[in-house]
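Asks: entry-v2.txt is the file, holding compact mmCIF, C-alpha atoms:
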# COMPACT_ATOMS: atom_id res chain seq x y z
CA MET A 339 0.00 0.00 0.00
CA ALA A 340 1.40 3.39 -0.99
CA LEU A 341 0.87 6.80 0.56
CA GLY A 342 -2.26 7.77 -1.33
CA GLY A 343 -1.27 8.59 -4.89
CA LEU A 344 2.30 9.59 -4.05
CA THR A 345 5.11 7.97 -6.03
CA PHE A 346 8.69 7.74 -4.77
CA ASN A 347 11.71 7.44 -7.04
CA ALA A 348 15.38 7.56 -6.10
CA ARG A 349 16.99 10.71 -7.45
CA SER A 350 19.89 8.57 -8.64
CA GLY A 351 20.35 4.83 -8.86
CA THR A 352 17.82 2.03 -9.11
CA ILE A 353 16.81 1.58 -5.47
CA VAL A 354 13.05 1.44 -4.98
CA CYS A 355 10.88 2.10 -1.94
CA ASP A 356 9.27 -0.70 0.04
CA MET A 357 5.49 -0.85 0.16
CA LEU A 358 4.18 -1.58 3.64
CA ALA A 359 0.76 -2.08 5.16
CA GLY A 360 -0.33 1.46 5.84
CA GLY A 361 2.61 3.26 4.29
CA VAL A 362 5.95 3.31 2.51
CA ALA A 363 9.53 2.65 3.68
CA LEU A 364 12.43 4.71 2.30
CA ARG A 365 16.19 4.48 2.69
CA GLY A 366 17.24 7.59 4.61
CA GLU A 367 20.65 7.98 2.98
CA ILE A 368 19.08 8.35 -0.48
CA GLU A 369 17.43 11.45 -1.95
CA TRP A 370 13.92 10.80 -3.20
CA VAL A 371 11.81 12.55 -5.81
CA VAL A 372 8.13 12.46 -4.86
CA ARG A 373 5.21 13.19 -7.16
CA GLY A 374 1.53 13.47 -6.42
CA THR A 375 -1.37 15.87 -6.19
CA PRO A 376 -0.74 19.32 -4.65
CA ALA A 377 -2.77 18.35 -1.58
CA GLU A 378 -0.78 15.14 -1.09
CA ILE A 379 2.53 16.97 -1.50
CA ALA A 380 1.40 19.59 1.02
CA SER A 381 0.50 16.87 3.55
CA LEU A 382 3.88 15.21 3.04
CA MET A 383 5.77 18.49 3.51
CA LEU A 384 3.84 19.21 6.68
CA ALA A 385 4.77 15.78 8.05
CA VAL A 386 8.50 15.79 7.27
CA GLY A 387 9.08 19.51 7.81
CA PRO A 388 11.44 21.86 5.98
CA LEU A 389 14.49 20.08 7.36
CA HIS A 390 13.82 17.00 5.24
CA GLY A 391 11.47 18.11 2.48
CA LEU A 392 11.59 20.68 -0.29
CA ALA A 393 8.63 21.32 -2.57
CA VAL A 394 9.91 21.85 -6.11
CA GLY A 395 6.52 22.33 -7.71
CA GLU A 396 2.82 21.99 -7.06
CA GLY A 397 2.95 18.25 -7.64
CA SER A 398 6.50 17.26 -6.74
CA ALA A 399 9.00 17.42 -3.88
CA LEU A 400 12.50 16.35 -2.97
CA LEU A 401 13.16 14.41 0.24
CA ARG A 402 16.55 14.39 1.98
CA PHE A 403 16.76 12.58 5.33
CA GLY A 404 20.50 12.12 5.72
CA ASN A 405 21.08 10.46 9.09
CA ALA A 406 17.48 10.88 10.24
CA VAL A 407 15.40 7.75 10.74
CA GLY A 408 11.94 7.19 12.15
CA ARG A 409 8.28 7.38 11.27
CA PHE A 410 6.36 10.33 9.86
CA SER A 411 2.57 10.31 10.02
CA VAL A 412 1.17 11.76 6.78
CA GLY A 413 -2.39 12.06 8.06
CA PRO A 414 -4.96 9.85 6.34
CA LEU A 415 -2.46 8.94 3.62
CA GLY A 416 -0.53 6.64 5.95
CA THR A 417 2.91 6.50 7.55
CA LEU A 418 6.28 7.21 5.98
CA HIS A 419 9.00 4.96 7.41
CA VAL A 420 12.57 6.18 7.04
CA ARG A 421 15.17 3.47 7.55
CA CYS A 422 18.90 3.14 7.45
CA GLY A 423 20.35 0.76 4.91
CA LYS A 424 23.03 -0.35 7.38
CA TRP A 425 21.01 -0.76 10.59
CA SER A 426 17.61 -2.34 11.15
CA ASP A 427 14.74 -1.10 13.33
CA GLU A 428 15.77 -3.62 15.98
CA THR A 429 19.25 -2.08 16.13
CA PHE A 430 17.85 1.40 16.69
CA GLU A 431 15.44 0.14 19.35
CA GLN A 432 18.38 -1.44 21.16
CA LEU A 433 20.36 1.80 20.90
CA LEU A 434 17.45 3.81 22.29
CA ALA A 435 17.03 1.33 25.14
CA GLU A 436 20.72 1.65 26.02
CA LEU A 437 20.58 5.46 25.86
CA THR A 438 17.49 5.47 28.06
CA ALA A 439 19.22 3.25 30.62
CA ILE A 440 22.24 5.57 30.65
CA ALA A 441 20.09 8.69 30.96
CA LEU A 442 18.13 7.22 33.84
CA ALA A 443 21.36 6.48 35.67
CA LEU A 444 22.57 10.09 35.50
CA PRO A 445 22.21 12.39 38.52
CA TYR A 446 19.66 15.16 38.07
CA ALA A 447 22.29 17.81 38.71
CA ALA A 448 25.81 17.46 40.06
CA ASP A 449 25.56 20.64 42.12
CA GLN A 450 22.09 20.01 43.54
CA SER A 451 21.58 18.30 46.88
CA ALA A 452 17.97 17.45 47.63
CA ALA A 453 16.55 18.13 51.07
CA LEU A 454 14.34 15.55 52.71
CA PRO A 455 11.87 14.35 51.64
CA HIS A 456 12.88 15.82 48.28
CA ASP A 457 13.57 19.14 46.65
CA LYS A 458 10.81 20.23 44.27
CA ALA A 459 12.54 23.43 43.16
CA LEU A 460 14.50 21.72 40.40
CA VAL A 461 11.65 19.46 39.34
CA ALA A 462 9.37 22.46 38.72
CA THR A 463 11.67 23.78 35.98
CA ASP A 464 12.44 22.41 32.51
CA ALA A 465 16.12 21.84 33.36
CA ILE A 466 15.57 18.11 33.83
CA LEU A 467 12.20 17.78 32.09
CA MET A 468 13.22 15.15 29.54
CA HIS A 469 15.11 13.20 32.19
CA SER A 470 12.01 13.23 34.38
CA PHE A 471 9.86 12.16 31.44
CA LEU A 472 12.14 9.22 30.63
CA TYR A 473 11.92 8.13 34.26
CA ALA A 474 8.12 8.55 34.29
CA ARG A 475 7.75 6.71 30.98
CA GLN A 476 9.80 3.76 32.22
CA LEU A 477 7.60 3.53 35.31
CA VAL A 478 4.29 3.85 33.46
CA LEU A 479 5.24 1.33 30.79
CA GLY A 480 6.66 -1.00 33.43
CA GLU A 481 5.17 -2.32 36.66
CA LEU A 482 3.60 0.92 37.93
CA PRO A 483 0.06 0.34 36.51
CA ALA A 484 -0.15 -3.09 38.15
CA THR A 485 1.13 -1.68 41.43
CA ILE A 486 -1.37 1.19 41.39
CA ALA A 487 -4.18 -1.25 40.55
CA THR A 488 -3.26 -3.30 43.63
CA ILE A 489 -3.29 -0.19 45.83
CA VAL A 490 -6.63 1.01 44.45
CA ALA A 491 -8.19 -2.43 44.94
CA ASP A 492 -7.29 -2.43 48.64
CA PRO A 493 -6.06 1.00 49.79
CA HIS A 494 -4.65 1.60 53.23
CA ARG A 495 -7.42 2.68 55.60
CA VAL A 496 -7.56 4.15 59.09
CA PHE A 497 -10.35 4.47 61.63
CA ARG A 498 -10.49 8.06 62.85
CA ILE A 499 -12.42 9.45 65.78
CA GLU A 500 -14.16 12.75 65.19
CA ARG A 501 -16.37 14.82 67.48
CA GLU A 502 -19.92 15.91 66.84
CA ARG A 503 -22.81 17.38 68.79
CA VAL A 504 -26.08 15.47 68.79
CA PRO A 505 -29.36 15.80 70.71
CA LEU A 506 -29.44 13.82 73.92
CA GLY A 507 -32.04 11.41 72.55
CA LEU A 508 -29.78 10.45 69.63
CA VAL A 509 -26.68 9.62 71.66
CA GLN A 510 -25.43 6.10 70.90
CA HIS A 511 -21.85 6.20 72.17
CA ALA A 512 -20.13 8.21 74.87
CA ASP A 513 -16.55 8.40 76.07
CA ALA A 514 -14.60 9.93 78.94
CA ARG A 515 -14.72 13.37 77.35
CA THR A 516 -18.51 13.17 77.05
CA ILE A 517 -18.90 12.23 80.72
CA GLY A 518 -16.35 14.81 81.83
CA ARG A 519 -18.14 17.66 80.07
CA LEU A 520 -21.46 16.59 81.60
CA ALA A 521 -19.95 16.41 85.08
CA ALA A 522 -18.33 19.81 84.67
CA GLY A 523 -21.57 21.39 83.47
CA ALA A 524 -19.95 22.37 80.19
CA GLU A 525 -22.94 21.37 78.08
CA PRO A 526 -25.93 23.66 77.40
CA MET A 527 -28.66 22.59 79.84
CA VAL A 528 -32.44 22.75 79.77
CA ARG A 529 -34.74 22.35 82.76
CA ALA A 530 -36.34 18.92 83.23
CA PRO A 531 -37.89 19.09 86.72
CA ARG A 532 -40.28 16.19 86.17
CA SER A 533 -37.77 13.81 84.62
CA THR A 534 -36.96 10.75 86.69
CA VAL A 535 -33.99 9.52 84.66
CA ALA A 536 -30.77 9.13 86.61
CA LEU A 537 -28.96 11.82 84.60
CA ALA A 538 -31.65 14.43 85.32
CA LEU A 539 -31.56 13.58 89.01
CA ALA A 540 -27.75 13.80 89.06
CA LEU A 541 -27.91 17.19 87.33
CA ARG A 542 -30.59 18.46 89.77
CA GLY A 543 -33.49 18.60 87.36
CA HIS A 544 -31.55 19.50 84.24
CA LEU A 545 -30.65 17.68 81.04
CA PRO A 546 -28.19 18.64 78.30
CA ALA A 547 -29.82 19.88 75.08
CA THR A 548 -26.94 18.50 72.99
CA VAL A 549 -23.99 16.32 73.87
CA ASP A 550 -20.42 16.15 72.56
CA VAL A 551 -19.89 12.53 71.46
CA PRO A 552 -17.30 10.58 69.44
CA ARG A 553 -18.00 9.39 65.90
CA GLY A 554 -15.81 6.86 64.13
CA ARG A 555 -15.07 7.29 60.43
CA ASN A 556 -13.35 4.84 58.08
CA THR A 557 -11.18 6.81 55.66
CA VAL A 558 -8.54 6.29 52.99
CA ASP A 559 -7.16 9.79 53.56
CA THR A 560 -3.83 8.59 54.92
CA ALA A 561 -0.24 9.75 54.59
CA GLU A 562 0.58 6.69 52.49
CA ASN A 563 -2.27 7.30 50.04
CA ARG A 564 -1.49 11.01 49.86
CA PHE A 565 2.07 10.15 48.88
CA VAL A 566 0.85 7.87 46.08
CA LEU A 567 -1.54 10.56 44.84
CA ALA A 568 1.16 13.25 44.93
CA PHE A 569 3.53 10.97 43.02
CA LEU A 570 0.92 10.32 40.32
CA ASP A 571 0.23 14.06 40.11
CA GLU A 572 3.93 14.68 39.47
CA LEU A 573 4.01 12.04 36.72
CA THR A 574 0.95 13.64 35.12
CA ASP A 575 2.52 17.10 35.38
CA VAL A 576 5.76 15.95 33.73
CA THR A 577 3.86 14.26 30.88
CA THR A 578 1.66 17.33 30.34
CA ARG A 579 4.66 19.67 30.25
CA VAL A 580 6.50 17.46 27.76
CA ALA A 581 3.41 17.30 25.55
CA ALA A 582 3.11 21.10 25.63
CA LEU A 583 6.81 21.49 24.83
CA ALA A 584 6.59 19.05 21.92
CA ALA A 585 3.53 20.85 20.53
CA ASN A 586 5.58 24.05 20.21
CA LYS A 587 8.50 22.39 18.44
CA ARG A 588 8.76 22.01 14.70
CA SER A 589 8.12 18.54 13.37
CA ASN A 590 11.17 16.30 13.25
CA VAL A 591 12.07 12.74 14.10
CA PHE A 592 12.94 13.43 17.73
CA TRP A 593 9.81 15.38 18.67
CA THR A 594 7.60 13.05 16.64
CA ARG A 595 8.94 10.21 18.74
CA VAL A 596 8.42 12.23 21.93
CA VAL A 597 4.75 12.80 21.04
CA THR A 598 4.38 9.06 20.39
CA SER A 599 5.97 8.31 23.77
CA VAL A 600 3.63 10.74 25.52
CA SER A 601 0.62 9.05 23.91
CA SER A 602 1.80 5.56 24.85
CA SER A 603 2.51 6.67 28.43
CA ARG A 604 -0.93 8.23 28.79
CA ASN A 605 -2.62 5.15 27.35
CA ALA A 606 -0.73 2.87 29.73
CA SER A 607 -1.53 5.05 32.75
CA THR A 608 -5.29 4.95 32.06
CA LYS A 609 -5.54 1.16 31.81
Rewrite the structure of this file - the entire thing - as C-alpha cells.

Replies:
Amino acid sequence: MALGGLTFNARSGTIVCDMLAGGVALRGEIEWVVRGTPAEIASLMLAVGPLHGLAVGEGSALLRFGNAVGRFSVGPLGTLHVRCGKWSDETFEQLLAELTAIALALPYAADQSAALPHDKALVATDAILMHSFLYARQLVLGELPATIATIVADPHRVFRIERERVPLGLVQHADARTIGRLAAGAEPMVRAPRSTVALALALRGHLPATVDVPRGRNTVDTAENRFVLAFLDELTDVTTRVAALAANKRSNVFWTRVVTSVSSSRNASTK
C-alpha cells in the first residue's frame, strides 16, 4: 500500500521504496523525488518539515533525510518509514534502550543536593524535564500500573475518631470526654424538673440539650495514600509539560517520537 497517490523514485540509482501495510519505507541515505497531487505533496511536507522536504513544484517534492530515521505520520495517507540501509529497526530500538538506561542512571544535577523528603525546586523547571519524562515513561510502561491497581483495589485505611454534637435522645456512644463535660456542666442545659432519669436527678433537674460525642469514620485519607496521589500528580505534570513542549516544536524525528511516547505513556496510565 502506498501513501495515497504519491510515487517515490530515487533521485539517482535504481533503489526502490518498500510498500508496507499502511505506508511506505524509504532508505534515509538516499534522496527521493516524490510526485503526487498538490494536496498530497502539502501533507507530506507538513509531516517531514522543511528540514527533510523541499517542494519543487505543485505536484513534486525532494526528500533528503541524511542520518534521520523514524516514522512520519502523513495524516490519512498513511505512515512514511525512514530506515537506514546499514542498521535495522531492531538495532535502533536497542540503541534507544541503552541510551534510556544511561540517561536514567545520571544524577539530576551534580551541584544540587535534595533536602528531605525531596527538593521540588528543580523538578518544577524544565532543566531536567526530559530526564524526568524518561523516568516517568519507564515507570508507566513497566510495573507501575499493576502496582497502582493493587493499591486502588485495597487502599490503606484508618479508623479516625471525630467529634460531633447530637441531641441527647440520639446519643449512641459516649466516652470519657462526654462524661467529663457533663460532670463539669460544660454542656448547654435545659430544665427537666419532672424527669426521673438518673442523669436528670444527678444534674438536679436539668438535662443537656446537645452532647459532645465521638464518631468513628473509616477513611482512605492517609499519609501513604497522599504520597501515592502526589507521586501520580507529578508524573501527570511531567507528561503534560513534555506534551506542551513538543507541541511548540517544529516537526522532526525526535519530537515526533516524543509525542508518540507521551501518547503511549498516557494510554498505559489509564488502563

Asks: What does the distance from CA of Val362 in chain A to CA of Gln432 in chain A come to in Å, to one decimal?

Replies: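 Answer for the CA of Val362 in chain A to CA of Gln432 in chain A separation: 22.9 Å.
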
Asks: Closest to Pro483 in chain A among A:Leu570, A:Ala547, A:Ile368, A:Cys355, using all atoms listed in the file?

Replies: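 Selected residue with least distance to Pro483 in chain A: A:Leu570.
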
Asks: Residues within 12 Å of Thr438 in chain A, please, as a ChimeraX atom specification. Count only C-alpha atoms; anything in the same chain fewer than 2 positions from it doesn't count.

Replies: /A:431-436,440-444,468-476

Asks: Let's have the selection written as a PDB file, in the coordinates of the input, with C-alpha atoms.

Replies:
ATOM      1  CA  GLU A 431      15.440   0.140  19.350  1.00  0.00           C
ATOM      2  CA  GLN A 432      18.380  -1.440  21.160  1.00  0.00           C
ATOM      3  CA  LEU A 433      20.360   1.800  20.900  1.00  0.00           C
ATOM      4  CA  LEU A 434      17.450   3.810  22.290  1.00  0.00           C
ATOM      5  CA  ALA A 435      17.030   1.330  25.140  1.00  0.00           C
ATOM      6  CA  GLU A 436      20.720   1.650  26.020  1.00  0.00           C
ATOM      7  CA  ILE A 440      22.240   5.570  30.650  1.00  0.00           C
ATOM      8  CA  ALA A 441      20.090   8.690  30.960  1.00  0.00           C
ATOM      9  CA  LEU A 442      18.130   7.220  33.840  1.00  0.00           C
ATOM     10  CA  ALA A 443      21.360   6.480  35.670  1.00  0.00           C
ATOM     11  CA  LEU A 444      22.570  10.090  35.500  1.00  0.00           C
ATOM     12  CA  MET A 468      13.220  15.150  29.540  1.00  0.00           C
ATOM     13  CA  HIS A 469      15.110  13.200  32.190  1.00  0.00           C
ATOM     14  CA  SER A 470      12.010  13.230  34.380  1.00  0.00           C
ATOM     15  CA  PHE A 471       9.860  12.160  31.440  1.00  0.00           C
ATOM     16  CA  LEU A 472      12.140   9.220  30.630  1.00  0.00           C
ATOM     17  CA  TYR A 473      11.920   8.130  34.260  1.00  0.00           C
ATOM     18  CA  ALA A 474       8.120   8.550  34.290  1.00  0.00           C
ATOM     19  CA  ARG A 475       7.750   6.710  30.980  1.00  0.00           C
ATOM     20  CA  GLN A 476       9.800   3.760  32.220  1.00  0.00           C
TER      21      GLN A 476
END

Asks: What gap, in Å, lies between CA of Val549 in chain A and CA of Leu537 in chain A?

Replies: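 The value is 12.7 Å.
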
Asks: Find the residue from A:Ala393, A:Ile379, A:Val551, A:Ala340 that sits nearest to Glu500 in chain A; use all atoms listed in the file when measuring.

Replies: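 Among A:Ala393, A:Ile379, A:Val551, A:Ala340, it is A:Val551 that comes nearest to Glu500 in chain A.
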
Asks: With distances taken over all atoms listed in the file, which residue among A:Ala377, A:Ala491, A:Leu364, A:Val354 lies nearest Gly423 in chain A?

Replies: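 Of all the options, A:Leu364 lies closest to Gly423 in chain A.
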
Asks: Compile the contact shell of Ser350 in chain A as a PyMOL selection string: residues with an atom at most 10 Å away, counting all atoms listed in the file, same-chain residues fewer than 5 positions apart removed.

Replies: chain A and resi 368-371
